Amino acid sequence: MRMKELKIDAQGILSINTLDLSMPSVIVLSKGKAKITELPFYSDTTIKTHQGKVTRVKWNEGEEF
């Protein structure tokens, strides 16, 4: 899987070290979960929702010619 789960502590606090991120990234929060993924160099990234909850993250990747 491309997305990695992030830990949220018992108090609901999410902590990440931004210095560990080498590429542009996106964090998605939904249903009490947090996930992170790096963004590809050339891509359309779509986050789909249903009834206020994230259901799918989709990448349409390409390559420069």
# chains A, B, ... in the order shown; residues from 1 in each chain; ligands from 1
>>> select_by_dssp(residues="range 7-57 of chain A", states="strand (DSSP E or B)", output="PyMOL selection string")
chain A and resi 8+14+25-30+33-38+43-50+53-57
>>> write_last_selection(atoms="C-alpha atoms", output="CSV table (one decimal), in the first residue's frame")
chain,number,residue,atom,x,y,z
A,8,ILE,CA,-2.8,9.2,17.1
A,14,LEU,CA,-1.1,13.5,16.0
A,25,SER,CA,3.3,14.7,1.1
A,26,VAL,CA,-0.3,14.7,2.0
A,27,ILE,CA,-2.0,13.7,5.3
A,28,VAL,CA,-5.6,12.5,5.2
A,29,LEU,CA,-7.7,12.4,8.3
A,30,SER,CA,-11.0,10.5,8.4
A,33,LYS,CA,-7.5,7.6,11.5
A,34,ALA,CA,-4.6,9.5,9.9
A,35,LYS,CA,-2.6,8.3,6.9
A,36,ILE,CA,0.3,9.9,5.0
A,37,THR,CA,1.7,9.4,1.5
A,38,GLU,CA,4.3,11.0,-0.7
A,43,SER,CA,0.1,12.9,-11.0
A,44,ASP,CA,-3.5,13.9,-10.4
A,45,THR,CA,-4.3,12.8,-6.9
A,46,THR,CA,-8.0,12.5,-6.1
A,47,ILE,CA,-9.5,12.1,-2.6
A,48,LYS,CA,-13.0,10.6,-2.8
A,49,THR,CA,-15.5,11.1,0.0
A,50,HIS,CA,-18.9,9.6,0.8
A,53,LYS,CA,-15.8,10.2,5.2
A,54,VAL,CA,-12.8,9.5,3.0
A,55,THR,CA,-13.5,6.3,1.0
A,56,ARG,CA,-10.6,6.3,-1.6
A,57,VAL,CA,-7.4,8.0,-2.6
>>> atom_distance(atom1="CA of Glu63 in chain A", atom2="CA of Met23 in chain A")
17.4 Å
